[in-house]
Amino acid sequence: MMFGCEVMSDALIDEDIRKARTLPSAWYTDMEHFKQLQSVFSGWQFAAHQSEFETNNVLPLEHIEAINGESMVLVKDEQTACYSNVCTHRGMRVALEACTAKKLQCRYHGRTFNLDGTLRHMPEFKEAIDFPSASDNLAEFPLKQWMGMHFTALNAAAKIPWEGLEQRLGFLGLEAFVLDAARNRDHMIDANWMLYVDNYLEGFHIPYVHPELNQALDYGAYTTETFDGGVLQIGKAMEGDVKFDLPEGHPDAGQDIAAYYLWLFPNMMFNFYPWGLSLNIVVPVSPTQTRVLYRGYVANAELASQGAGALLDTVEDQDQWVIELVQRGMASSAYDRGRYSPTREQGVHHFHRMLSALFDE
Ligand code: FES
Ligand SMILES: [Fe+2]
């Protein structure tokens with residue numbers, strides 16, 4: 001897949017961050033790039049946390065449809081599975097909202113499905129020949145359960161180092177976190193989705209854009225680790241501020257960690273604070289518009305007003321302000337590509353390398 005002469009070079013983004021130039025501005029502005037990049041959303045996507053099954057056992061995944069175009073539904077019975085949410089009769093949506101149900105019934109002509117996705121009953125089909133067949137069952141999609149969270153994919157080959165990350169983050173006890181809908185947000189931003197990700201992947205801007213957050217984090221001790229499938233940034237607490245209680249033997253034991261910022265390619269941001277998880281799901285809308293969905297999963301509500309994790313709405317507003325101005329910069333005829341800070345922009349460089357590698361020859 002080719003975008004044009006410039007993209008055809010072997011390494012659009014040089015492996016050596018000291019020499020590399022950032023993505024060309026056209027990647028952030030034109031429809032051709034936007035459409036070509038849709039393919040990066042076929043890998044693992046966050047579907048739901050297991051606490052969401054406390055009130056419902058049928059969860060339509062509308063955010064995933066917005067991301068990769070596939071209508072899916074997560075169903076918990078004896079086992080949890082992810083099915084197509086498209087009726088096999090004539091294509092109506094099966095589950096319209098989250099609910100508790102023993103079967104799925106299509107509201108168009110009454111076809112019902114068992115919770116294992118198989119066809120259960122269809123009115124007026126007694127005379128139909130070779131019915132039902134396997135194609136009348138709901139199609140099933142891959143499902144990955146990880147630390148209490150469910151992920152689904154169109155293409156399950158996408159690699160994420162689940163085990164290594166669990167060794168690092170398993171101490172959080174994420175399985176016991178609970179969705180707090182009061183923390184949910186749905187932001188529409190006038191910027192390309194990759195600018196939102198670029199901005200997330202560096203703490204370089206914190207002293208300039210986030211003065212309040214800068215008081216809560218030790219900028220000098222901020223770290224960035226890149227790996228296949230993502231980036232882990234670690235924010236260290238200022239003395240006396242709230243921090244994680246790390247178990248003995250943990251790789252980060254002895255450090256005052258205020259936040260783990262985990263990004264999974266291409267659009268999921270898991271912000272772990274001592275109070276719990278703030279999840280950002282980035283949904284591309286158009287070359288210059290992006291939705292960002294926030295979901296909050298709480299572990300220790302009493303810590304929510306302290307430290308780096310207490311400033312989320314302020315920080316989000318500040319990030320959106322800068323990202324929207326950068327989007328306007330991308331449209332400038334005077335700007336095409338910039339350079340990376342070798343000490344502070346390893347995450348952005350890694351993301352751009354991952355994107356460009358998909359399209360390099
Ligand atoms: S489309 Fe579902 S029963 Fe007809
Ligand atoms: Fe920021």
# chains A, B, ... in the order shown; residues from 1 in each chain; ligands from 1

call {"tool": "residues_around", "arguments": {"residues": "segment 200-209 of chain A", "least_positions_apart": "3", "cutoff": "7 Å", "atoms": "only C-alpha atoms", "output": "MDAnalysis selection string"}}
result
chainID A and resid 196:197 214 318 344:345 347:348

call {"tool": "closest_atom_pairs", "arguments": {"of": "chain A", "to": "ligand 1", "cutoff": "9 Å", "atoms": "only C-alpha atoms and all ligand atoms", "output": "JSON lines"}}
result
{"residue": "A:Val86", "atom": "CA", "partner": "ligand 1", "partner_atom_place_in_ligand_line": "2 (Fe)", "distance": 7.9}
{"residue": "A:Cys87", "atom": "CA", "partner": "ligand 1", "partner_atom_place_in_ligand_line": "2 (Fe)", "distance": 4.6}
{"residue": "A:Thr88", "atom": "CA", "partner": "ligand 1", "partner_atom_place_in_ligand_line": "2 (Fe)", "distance": 6.5}
{"residue": "A:His89", "atom": "CA", "partner": "ligand 1", "partner_atom_place_in_ligand_line": "1 (S)", "distance": 4.5}
{"residue": "A:Arg90", "atom": "CA", "partner": "ligand 1", "partner_atom_place_in_ligand_line": "1 (S)", "distance": 3.9}
{"residue": "A:Gly91", "atom": "CA", "partner": "ligand 1", "partner_atom_place_in_ligand_line": "1 (S)", "distance": 4.9}
{"residue": "A:Met92", "atom": "CA", "partner": "ligand 1", "partner_atom_place_in_ligand_line": "1 (S)", "distance": 4.4}
{"residue": "A:Arg93", "atom": "CA", "partner": "ligand 1", "partner_atom_place_in_ligand_line": "2 (Fe)", "distance": 7.4}
{"residue": "A:Val94", "atom": "CA", "partner": "ligand 1", "partner_atom_place_in_ligand_line": "2 (Fe)", "distance": 6.9}
{"residue": "A:Gln105", "atom": "CA", "partner": "ligand 1", "partner_atom_place_in_ligand_line": "2 (Fe)", "distance": 7.9}
{"residue": "A:Cys106", "atom": "CA", "partner": "ligand 1", "partner_atom_place_in_ligand_line": "2 (Fe)", "distance": 4.6}
{"residue": "A:Arg107", "atom": "CA", "partner": "ligand 1", "partner_atom_place_in_ligand_line": "2 (Fe)", "distance": 6.5}
{"residue": "A:Tyr108", "atom": "CA", "partner": "ligand 1", "partner_atom_place_in_ligand_line": "4 (Fe)", "distance": 4.8}
{"residue": "A:His109", "atom": "CA", "partner": "ligand 1", "partner_atom_place_in_ligand_line": "3 (S)", "distance": 3.7}
{"residue": "A:Gly110", "atom": "CA", "partner": "ligand 1", "partner_atom_place_in_ligand_line": "3 (S)", "distance": 4.8}
{"residue": "A:Arg111", "atom": "CA", "partner": "ligand 1", "partner_atom_place_in_ligand_line": "3 (S)", "distance": 4.3}
{"residue": "A:Thr112", "atom": "CA", "partner": "ligand 1", "partner_atom_place_in_ligand_line": "3 (S)", "distance": 7.7}
{"residue": "A:Met122", "atom": "CA", "partner": "ligand 1", "partner_atom_place_in_ligand_line": "3 (S)", "distance": 7.3}
{"residue": "A:Pro123", "atom": "CA", "partner": "ligand 1", "partner_atom_place_in_ligand_line": "3 (S)", "distance": 8.5}

call {"tool": "residues_around", "arguments": {"residues": "segment 61-76 of chain A", "least_positions_apart": "3", "cutoff": "10 Å", "atoms": "only C-alpha atoms", "output": "NGL selection string"}}
result
:A and (38-43 or 45-48 or 50 or 53 or 56-58 or 79-86 or 93-104 or 115-117 or 139-141 or 143 or 150-154 or 267 or 281-285 or 291 or 293)

call {"tool": "residues_around", "arguments": {"residues": "Met238 of chain A", "least_positions_apart": "5", "cutoff": "7 Å", "atoms": "only C-alpha atoms", "output": "compact mmCIF listing (two decimals) with N, CA, C and O atoms, in the first residue's frame"}}
result
# COMPACT_ATOMS: atom_id res chain seq x y z
N ALA A 216 2.70 17.99 40.30
CA ALA A 216 2.46 16.67 40.91
C ALA A 216 3.45 15.62 40.41
O ALA A 216 3.58 14.56 41.02
N LEU A 217 4.12 15.89 39.28
CA LEU A 217 5.04 14.90 38.72
C LEU A 217 6.47 15.43 38.77
O LEU A 217 6.72 16.62 38.59
N ASP A 218 7.39 14.51 38.96
CA ASP A 218 8.82 14.84 38.95
C ASP A 218 9.30 14.74 37.50
O ASP A 218 9.59 13.65 37.01

call {"tool": "select_by_dssp", "arguments": {"residues": "segment 142-339 of chain A", "states": "strand (DSSP E or B)", "output": "JSON list (two decimals) with C-alpha atoms, in the first residue's frame"}}
result
[["chain", "number", "residue", "atom", "x", "y", "z"],
["A", 143, "LEU", "CA", -11.72, -12.48, 22.45],
["A", 144, "LYS", "CA", -8.79, -11.93, 24.80],
["A", 145, "GLN", "CA", -9.25, -11.60, 28.54],
["A", 146, "TRP", "CA", -6.45, -9.77, 30.29],
["A", 149, "MET", "CA", -10.48, -6.57, 30.71],
["A", 150, "HIS", "CA", -11.86, -8.00, 27.47],
["A", 151, "PHE", "CA", -10.33, -7.24, 24.10],
["A", 152, "THR", "CA", -11.61, -8.22, 20.69],
["A", 178, "VAL", "CA", -15.37, -1.18, 39.13],
["A", 179, "LEU", "CA", -16.71, 1.02, 36.35],
["A", 185, "ARG", "CA", -16.55, 11.44, 29.10],
["A", 186, "ASP", "CA", -17.10, 11.74, 25.36],
["A", 187, "HIS", "CA", -14.99, 14.49, 23.79],
["A", 188, "MET", "CA", -15.04, 15.63, 20.17],
["A", 189, "ILE", "CA", -11.78, 17.27, 19.11],
["A", 217, "LEU", "CA", 5.04, 14.90, 38.72],
["A", 223, "THR", "CA", 10.54, 7.64, 31.89],
["A", 224, "THR", "CA", 9.41, 6.19, 28.56],
["A", 225, "GLU", "CA", 9.74, 2.52, 27.57],
["A", 226, "THR", "CA", 8.87, 1.33, 24.09],
["A", 227, "PHE", "CA", 7.96, -2.24, 23.15],
["A", 230, "GLY", "CA", 2.93, -0.06, 22.71],
["A", 231, "VAL", "CA", 4.65, 2.36, 25.05],
["A", 232, "LEU", "CA", 4.79, 2.54, 28.84],
["A", 233, "GLN", "CA", 5.46, 5.92, 30.42],
["A", 234, "ILE", "CA", 6.02, 6.27, 34.14],
["A", 235, "GLY", "CA", 5.36, 9.45, 36.07],
["A", 236, "LYS", "CA", 7.15, 9.74, 39.40],
["A", 237, "ALA", "CA", 5.45, 11.44, 42.34],
["A", 257, "ILE", "CA", 5.38, 6.11, 41.09],
["A", 258, "ALA", "CA", 2.39, 8.42, 40.66],
["A", 259, "ALA", "CA", 1.12, 7.02, 37.36],
["A", 260, "TYR", "CA", 1.67, 4.28, 34.79],
["A", 261, "TYR", "CA", 0.64, 5.50, 31.36],
["A", 262, "LEU", "CA", 0.21, 2.50, 29.08],
["A", 263, "TRP", "CA", -0.55, 3.01, 25.41],
["A", 264, "LEU", "CA", -1.48, 0.03, 23.26],
["A", 268, "MET", "CA", -5.86, 2.81, 23.66],
["A", 269, "MET", "CA", -4.47, 4.65, 26.66],
["A", 270, "PHE", "CA", -4.61, 3.05, 30.09],
["A", 271, "ASN", "CA", -3.78, 5.61, 32.77],
["A", 272, "PHE", "CA", -3.22, 3.84, 36.06],
["A", 273, "TYR", "CA", -3.27, 5.90, 39.23],
["A", 276, "GLY", "CA", -7.79, 3.29, 39.65],
["A", 277, "LEU", "CA", -7.80, 3.33, 35.84],
["A", 278, "SER", "CA", -8.72, 6.15, 33.51],
["A", 279, "LEU", "CA", -9.02, 4.70, 30.03],
["A", 280, "ASN", "CA", -8.97, 6.83, 26.88],
["A", 281, "ILE", "CA", -10.21, 5.25, 23.67],
["A", 282, "VAL", "CA", -9.39, 7.27, 20.58],
["A", 283, "VAL", "CA", -11.96, 7.08, 17.78],
["A", 284, "PRO", "CA", -11.00, 8.53, 14.39],
["A", 285, "VAL", "CA", -13.90, 10.41, 12.83],
["A", 286, "SER", "CA", -12.37, 12.27, 9.88],
["A", 289, "GLN", "CA", -11.90, 15.18, 13.81],
["A", 290, "THR", "CA", -11.48, 12.70, 16.63],
["A", 291, "ARG", "CA", -13.65, 11.42, 19.44],
["A", 292, "VAL", "CA", -12.02, 10.47, 22.69],
["A", 293, "LEU", "CA", -14.00, 8.29, 25.06],
["A", 294, "TYR", "CA", -13.02, 8.29, 28.72],
["A", 295, "ARG", "CA", -13.92, 5.41, 30.98],
["A", 296, "GLY", "CA", -13.15, 5.36, 34.71],
["A", 297, "TYR", "CA", -12.62, 2.15, 36.70],
["A", 298, "VAL", "CA", -12.15, 2.73, 40.40],
["A", 339, "ARG", "CA", 12.54, 16.50, 14.45]]

call {"tool": "residues_around", "arguments": {"residues": "Ala334 of chain A", "least_positions_apart": "4", "cutoff": "12 Å", "atoms": "only C-alpha atoms", "output": "PyMOL selection string"}}
result
chain A and resi 24-25+328-330+338

call {"tool": "closest_residue", "arguments": {"among": "A:Gly307, A:Asp198, A:Pro266, A:Gly254", "to": "ligand 2", "atoms": "only C-alpha atoms and all ligand atoms"}}
result
A:Asp198

call {"tool": "atom_distance", "arguments": {"atom1": "atom CA of Ala158 of chain A", "atom2": "atom CA of Ala357 of chain A"}}
result
13.9 Å

call {"tool": "residues_around", "arguments": {"residues": "Leu312 of chain A", "least_positions_apart": "3", "cutoff": "10 Å", "atoms": "only C-alpha atoms", "output": "MDAnalysis selection string"}}
result
chainID A and resid 183 213 278 308:309 315:318

call {"tool": "closest_residue", "arguments": {"among": "A:Asn300, A:Trp275, A:Ala221, A:Leu195", "to": "ligand 2", "atoms": "only C-alpha atoms and all ligand atoms"}}
result
A:Leu195
